[in-house]
Every structure is written in structure tokens, then in C-alpha cells.
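**Student:** Following this message is one structure expressed as C-alpha cells.
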Amino acid sequence: MTTELAVKTRADAELLERVVVGGDLSKLSPVERMQYYAAVCASVGLNPLTQPFSYLVLQGRMTLYARREATE
């Protein structure tokens, strides 16, 4: 599994920058969200199949929330 997110165009790069800097995952497609989820899991050494994160919407932004499975 790779931790790289696909950035094919300038629009993709701008979207990814807004997500990473602004923290709002709602702008990503479901496929892009899963790629991001997998990349975050890989970066911290977690198995994405154990569902260590949930999506949480706070103040209109969708973000990842670390569940108990991520902290154990």
C-alpha cells in the first residue's frame, strides 16, 4: 500500500492543499478520502481495516477523529 496521494493536475494539488492545510475532507471524493485515510494510517503505522479513525463533522468541516482503536 502506498502513502502517496495522486496529484495529477493543478486543481488536484490545490484541492489537496486545502484539505491538508484547512483540514476539511468533505471536498474530497470518496476515493480520495479513502486514499487519504490509508495514507494517514500508513504514516502512523495503523491498519486501516481495524477502523482506527472515524469521520467527524465539526463547524462544517469533515475531519478524521482518532477512535479508541487508534490509541490502543
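In the C-alpha cells, chains take letters A, B, ... by order of appearance, with residues numbered from 1 within each chain and ligands from 1 in the order shown.
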I need the strand (DSSP E) residues of chain A per DSSP on the backbone, written as a list in words.
**Tutor:**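 So, restricting chain A to strand (DSSP E), we get Phe53, Ser54, Tyr55, Leu56, Val57, Leu58, Arg61, Met62, Thr63, Leu64, Tyr65 and Ala66 of chain A.
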**Student:** Residues of the last selection are to be written out with N, CA and C atoms, as a compact mmCIF listing (two decimals), in the first residue's frame.
**Tutor:**
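The resulting file, out-v8.txt, is reproduced below:
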```txt
# COMPACT_ATOMS: atom_id res chain seq x y z
N PHE A 53 -9.89 5.33 12.72
CA PHE A 53 -10.41 6.69 12.63
C PHE A 53 -11.86 6.68 12.19
N SER A 54 -12.59 7.70 12.60
CA SER A 54 -13.94 7.94 12.12
C SER A 54 -13.95 9.33 11.50
N TYR A 55 -14.92 9.55 10.62
CA TYR A 55 -15.12 10.89 10.09
C TYR A 55 -16.01 11.64 11.06
N LEU A 56 -15.65 12.88 11.34
CA LEU A 56 -16.40 13.70 12.27
C LEU A 56 -16.60 15.06 11.62
N VAL A 57 -17.82 15.58 11.68
CA VAL A 57 -18.11 16.90 11.13
C VAL A 57 -18.25 17.88 12.29
N LEU A 58 -17.36 18.85 12.35
CA LEU A 58 -17.36 19.90 13.37
C LEU A 58 -17.26 21.25 12.69
N ARG A 61 -16.78 21.31 8.96
CA ARG A 61 -15.61 20.65 8.36
C ARG A 61 -15.61 19.17 8.70
N MET A 62 -15.36 18.34 7.70
CA MET A 62 -15.23 16.91 7.93
C MET A 62 -13.75 16.61 8.19
N THR A 63 -13.49 15.95 9.29
CA THR A 63 -12.11 15.63 9.67
C THR A 63 -12.03 14.21 10.19
N LEU A 64 -10.82 13.72 10.36
CA LEU A 64 -10.63 12.39 10.94
C LEU A 64 -10.53 12.53 12.46
N TYR A 65 -11.18 11.61 13.14
CA TYR A 65 -11.16 11.56 14.59
C TYR A 65 -10.58 10.22 15.00
N ALA A 66 -9.54 10.25 15.83
CA ALA A 66 -8.90 9.01 16.28
C ALA A 66 -9.80 8.31 17.29
```
**Student:** Nearest to Gly23 in chain A: which of A:Leu46, A:Cys41, A:Glu69, A:Tyr36 is it, counting only C-alpha atoms?
**Tutor:** A:Tyr36
**Student:** Report as a PDB file with N, CA, C and O atoms, in the first residue's frame: the residues of chain A with a DSSP assignment of helix (DSSP H, G or I), based on the backbone of this structure.
**Tutor:**
```pdb
ATOM      1  N   ARG A  10      -3.131  20.723 -11.545  1.00  0.00           N
ATOM      2  CA  ARG A  10      -3.023  21.853 -10.619  1.00  0.00           C
ATOM      3  C   ARG A  10      -4.257  21.900  -9.710  1.00  0.00           C
ATOM      4  O   ARG A  10      -4.146  22.176  -8.519  1.00  0.00           O
ATOM      5  N   ALA A  11      -5.433  21.595 -10.276  1.00  0.00           N
ATOM      6  CA  ALA A  11      -6.662  21.583  -9.481  1.00  0.00           C
ATOM      7  C   ALA A  11      -6.576  20.540  -8.371  1.00  0.00           C
ATOM      8  O   ALA A  11      -7.012  20.780  -7.244  1.00  0.00           O
ATOM      9  N   ASP A  12      -6.007  19.363  -8.689  1.00  0.00           N
ATOM     10  CA  ASP A  12      -5.823  18.323  -7.671  1.00  0.00           C
ATOM     11  C   ASP A  12      -4.899  18.818  -6.562  1.00  0.00           C
ATOM     12  O   ASP A  12      -5.152  18.588  -5.378  1.00  0.00           O
ATOM     13  N   ALA A  13      -3.825  19.485  -6.944  1.00  0.00           N
ATOM     14  CA  ALA A  13      -2.865  19.991  -5.970  1.00  0.00           C
ATOM     15  C   ALA A  13      -3.505  21.055  -5.079  1.00  0.00           C
ATOM     16  O   ALA A  13      -3.294  21.062  -3.860  1.00  0.00           O
ATOM     17  N   GLU A  14      -4.310  21.938  -5.674  1.00  0.00           N
ATOM     18  CA  GLU A  14      -4.977  22.979  -4.893  1.00  0.00           C
ATOM     19  C   GLU A  14      -5.989  22.375  -3.926  1.00  0.00           C
ATOM     20  O   GLU A  14      -6.091  22.790  -2.775  1.00  0.00           O
ATOM     21  N   LEU A  15      -6.729  21.371  -4.386  1.00  0.00           N
ATOM     22  CA  LEU A  15      -7.692  20.688  -3.526  1.00  0.00           C
ATOM     23  C   LEU A  15      -6.982  20.002  -2.369  1.00  0.00           C
ATOM     24  O   LEU A  15      -7.385  20.128  -1.203  1.00  0.00           O
ATOM     25  N   LEU A  16      -5.911  19.307  -2.669  1.00  0.00           N
ATOM     26  CA  LEU A  16      -5.161  18.615  -1.622  1.00  0.00           C
ATOM     27  C   LEU A  16      -4.588  19.603  -0.618  1.00  0.00           C
ATOM     28  O   LEU A  16      -4.618  19.358   0.591  1.00  0.00           O
ATOM     29  N   GLU A  17      -4.113  20.731  -1.100  1.00  0.00           N
ATOM     30  CA  GLU A  17      -3.588  21.749  -0.190  1.00  0.00           C
ATOM     31  C   GLU A  17      -4.681  22.267   0.742  1.00  0.00           C
ATOM     32  O   GLU A  17      -4.464  22.410   1.946  1.00  0.00           O
ATOM     33  N   ARG A  18      -5.883  22.511   0.212  1.00  0.00           N
ATOM     34  CA  ARG A  18      -6.989  22.973   1.051  1.00  0.00           C
ATOM     35  C   ARG A  18      -7.343  21.927   2.104  1.00  0.00           C
ATOM     36  O   ARG A  18      -7.649  22.261   3.246  1.00  0.00           O
ATOM     37  N   VAL A  19      -7.285  20.673   1.713  1.00  0.00           N
ATOM     38  CA  VAL A  19      -7.617  19.597   2.659  1.00  0.00           C
ATOM     39  C   VAL A  19      -6.563  19.488   3.743  1.00  0.00           C
ATOM     40  O   VAL A  19      -6.875  19.438   4.928  1.00  0.00           O
ATOM     41  N   VAL A  20      -5.303  19.470   3.351  1.00  0.00           N
ATOM     42  CA  VAL A  20      -4.230  19.291   4.320  1.00  0.00           C
ATOM     43  C   VAL A  20      -4.095  20.517   5.220  1.00  0.00           C
ATOM     44  O   VAL A  20      -3.990  20.392   6.438  1.00  0.00           O
ATOM     45  N   VAL A  21      -4.135  21.700   4.640  1.00  0.00           N
ATOM     46  CA  VAL A  21      -3.979  22.915   5.432  1.00  0.00           C
ATOM     47  C   VAL A  21      -5.265  23.256   6.184  1.00  0.00           C
ATOM     48  O   VAL A  21      -5.230  23.571   7.364  1.00  0.00           O
ATOM     49  N   GLY A  22      -6.415  23.164   5.496  1.00  0.00           N
ATOM     50  CA  GLY A  22      -7.680  23.528   6.115  1.00  0.00           C
ATOM     51  C   GLY A  22      -8.322  22.421   6.907  1.00  0.00           C
ATOM     52  O   GLY A  22      -9.182  22.655   7.744  1.00  0.00           O
ATOM     53  N   LEU A  25     -12.146  17.419   4.856  1.00  0.00           N
ATOM     54  CA  LEU A  25     -12.141  16.278   3.945  1.00  0.00           C
ATOM     55  C   LEU A  25     -13.393  16.196   3.088  1.00  0.00           C
ATOM     56  O   LEU A  25     -13.451  15.394   2.154  1.00  0.00           O
ATOM     57  N   SER A  26     -14.394  17.009   3.365  1.00  0.00           N
ATOM     58  CA  SER A  26     -15.644  16.931   2.605  1.00  0.00           C
ATOM     59  C   SER A  26     -15.467  17.333   1.150  1.00  0.00           C
ATOM     60  O   SER A  26     -16.293  17.004   0.312  1.00  0.00           O
ATOM     61  N   LYS A  27     -14.395  18.026   0.835  1.00  0.00           N
ATOM     62  CA  LYS A  27     -14.133  18.446  -0.544  1.00  0.00           C
ATOM     63  C   LYS A  27     -13.572  17.310  -1.394  1.00  0.00           C
ATOM     64  O   LYS A  27     -13.496  17.415  -2.600  1.00  0.00           O
ATOM     65  N   PRO A  30     -15.119  10.243  -2.500  1.00  0.00           N
ATOM     66  CA  PRO A  30     -14.966   9.058  -1.636  1.00  0.00           C
ATOM     67  C   PRO A  30     -13.655   8.312  -1.879  1.00  0.00           C
ATOM     68  O   PRO A  30     -13.015   7.863  -0.925  1.00  0.00           O
ATOM     69  N   VAL A  31     -13.239   8.194  -3.128  1.00  0.00           N
ATOM     70  CA  VAL A  31     -11.972   7.514  -3.437  1.00  0.00           C
ATOM     71  C   VAL A  31     -10.798   8.298  -2.853  1.00  0.00           C
ATOM     72  O   VAL A  31      -9.893   7.721  -2.235  1.00  0.00           O
ATOM     73  N   GLU A  32     -10.818   9.609  -3.008  1.00  0.00           N
ATOM     74  CA  GLU A  32      -9.732  10.434  -2.470  1.00  0.00           C
ATOM     75  C   GLU A  32      -9.717  10.387  -0.946  1.00  0.00           C
ATOM     76  O   GLU A  32      -8.640  10.355  -0.333  1.00  0.00           O
ATOM     77  N   ARG A  33     -10.908  10.361  -0.322  1.00  0.00           N
ATOM     78  CA  ARG A  33     -10.949  10.243   1.140  1.00  0.00           C
ATOM     79  C   ARG A  33     -10.344   8.930   1.610  1.00  0.00           C
ATOM     80  O   ARG A  33      -9.627   8.887   2.616  1.00  0.00           O
ATOM     81  N   MET A  34     -10.626   7.847   0.893  1.00  0.00           N
ATOM     82  CA  MET A  34     -10.056   6.555   1.278  1.00  0.00           C
ATOM     83  C   MET A  34      -8.540   6.538   1.080  1.00  0.00           C
ATOM     84  O   MET A  34      -7.808   5.960   1.887  1.00  0.00           O
ATOM     85  N   GLN A  35      -8.063   7.177   0.025  1.00  0.00           N
ATOM     86  CA  GLN A  35      -6.614   7.284  -0.181  1.00  0.00           C
ATOM     87  C   GLN A  35      -5.979   8.071   0.962  1.00  0.00           C
ATOM     88  O   GLN A  35      -4.928   7.686   1.487  1.00  0.00           O
ATOM     89  N   TYR A  36      -6.616   9.163   1.348  1.00  0.00           N
ATOM     90  CA  TYR A  36      -6.115   9.981   2.448  1.00  0.00           C
ATOM     91  C   TYR A  36      -6.125   9.184   3.753  1.00  0.00           C
ATOM     92  O   TYR A  36      -5.160   9.191   4.511  1.00  0.00           O
ATOM     93  N   TYR A  37      -7.224   8.479   4.015  1.00  0.00           N
ATOM     94  CA  TYR A  37      -7.368   7.644   5.213  1.00  0.00           C
ATOM     95  C   TYR A  37      -6.239   6.610   5.264  1.00  0.00           C
ATOM     96  O   TYR A  37      -5.579   6.440   6.295  1.00  0.00           O
ATOM     97  N   ALA A  38      -6.021   5.924   4.155  1.00  0.00           N
ATOM     98  CA  ALA A  38      -4.963   4.910   4.089  1.00  0.00           C
ATOM     99  C   ALA A  38      -3.589   5.537   4.300  1.00  0.00           C
ATOM    100  O   ALA A  38      -2.736   4.961   4.985  1.00  0.00           O
ATOM    101  N   ALA A  39      -3.373   6.722   3.736  1.00  0.00           N
ATOM    102  CA  ALA A  39      -2.082   7.396   3.888  1.00  0.00           C
ATOM    103  C   ALA A  39      -1.839   7.804   5.337  1.00  0.00           C
ATOM    104  O   ALA A  39      -0.731   7.653   5.859  1.00  0.00           O
ATOM    105  N   VAL A  40      -2.875   8.294   6.010  1.00  0.00           N
ATOM    106  CA  VAL A  40      -2.740   8.661   7.423  1.00  0.00           C
ATOM    107  C   VAL A  40      -2.448   7.419   8.254  1.00  0.00           C
ATOM    108  O   VAL A  40      -1.548   7.425   9.103  1.00  0.00           O
ATOM    109  N   CYS A  41      -3.184   6.346   8.002  1.00  0.00           N
ATOM    110  CA  CYS A  41      -2.939   5.097   8.733  1.00  0.00           C
ATOM    111  C   CYS A  41      -1.509   4.610   8.529  1.00  0.00           C
ATOM    112  O   CYS A  41      -0.829   4.242   9.491  1.00  0.00           O
ATOM    113  N   ALA A  42      -1.059   4.610   7.289  1.00  0.00           N
ATOM    114  CA  ALA A  42       0.301   4.149   6.992  1.00  0.00           C
ATOM    115  C   ALA A  42       1.345   5.042   7.666  1.00  0.00           C
ATOM    116  O   ALA A  42       2.364   4.550   8.164  1.00  0.00           O
ATOM    117  N   SER A  43       1.085   6.340   7.716  1.00  0.00           N
ATOM    118  CA  SER A  43       2.072   7.260   8.289  1.00  0.00           C
ATOM    119  C   SER A  43       2.246   7.074   9.787  1.00  0.00           C
ATOM    120  O   SER A  43       3.297   7.393  10.332  1.00  0.00           O
ATOM    121  N   VAL A  44       1.229   6.537  10.460  1.00  0.00           N
ATOM    122  CA  VAL A  44       1.330   6.316  11.905  1.00  0.00           C
ATOM    123  C   VAL A  44       1.372   4.835  12.265  1.00  0.00           C
ATOM    124  O   VAL A  44       1.307   4.473  13.439  1.00  0.00           O
ATOM    125  N   PRO A  48      -5.686   0.155   8.482  1.00  0.00           N
ATOM    126  CA  PRO A  48      -6.972   0.800   8.200  1.00  0.00           C
ATOM    127  C   PRO A  48      -8.166  -0.145   8.332  1.00  0.00           C
ATOM    128  O   PRO A  48      -9.289   0.311   8.557  1.00  0.00           O
ATOM    129  N   LEU A  49      -7.941  -1.451   8.234  1.00  0.00           N
ATOM    130  CA  LEU A  49      -9.041  -2.409   8.348  1.00  0.00           C
ATOM    131  C   LEU A  49      -9.596  -2.502   9.771  1.00  0.00           C
ATOM    132  O   LEU A  49     -10.690  -3.002   9.975  1.00  0.00           O
ATOM    133  N   THR A  50      -8.848  -2.017  10.749  1.00  0.00           N
ATOM    134  CA  THR A  50      -9.328  -2.013  12.133  1.00  0.00           C
ATOM    135  C   THR A  50     -10.122  -0.753  12.459  1.00  0.00           C
ATOM    136  O   THR A  50     -10.528  -0.565  13.602  1.00  0.00           O
ATOM    137  N   ARG A  68     -10.750   4.852  19.787  1.00  0.00           N
ATOM    138  CA  ARG A  68     -10.004   4.074  20.780  1.00  0.00           C
ATOM    139  C   ARG A  68      -9.065   3.083  20.118  1.00  0.00           C
ATOM    140  O   ARG A  68      -7.954   2.827  20.593  1.00  0.00           O
ATOM    141  N   GLU A  69      -9.489   2.499  18.983  1.00  0.00           N
ATOM    142  CA  GLU A  69      -8.659   1.534  18.268  1.00  0.00           C
ATOM    143  C   GLU A  69      -7.328   2.143  17.827  1.00  0.00           C
ATOM    144  O   GLU A  69      -6.335   1.450  17.676  1.00  0.00           O
ATOM    145  N   ALA A  70      -7.317   3.457  17.604  1.00  0.00           N
ATOM    146  CA  ALA A  70      -6.078   4.130  17.188  1.00  0.00           C
ATOM    147  C   ALA A  70      -5.137   4.372  18.361  1.00  0.00           C
ATOM    148  O   ALA A  70      -3.928   4.425  18.183  1.00  0.00           O
ATOM    149  N   THR A  71      -5.696   4.490  19.536  1.00  0.00           N
ATOM    150  CA  THR A  71      -4.874   4.853  20.688  1.00  0.00           C
ATOM    151  C   THR A  71      -4.383   3.636  21.470  1.00  0.00           C
ATOM    152  O   THR A  71      -3.481   3.769  22.291  1.00  0.00           O
TER     153      THR A  71
END
```
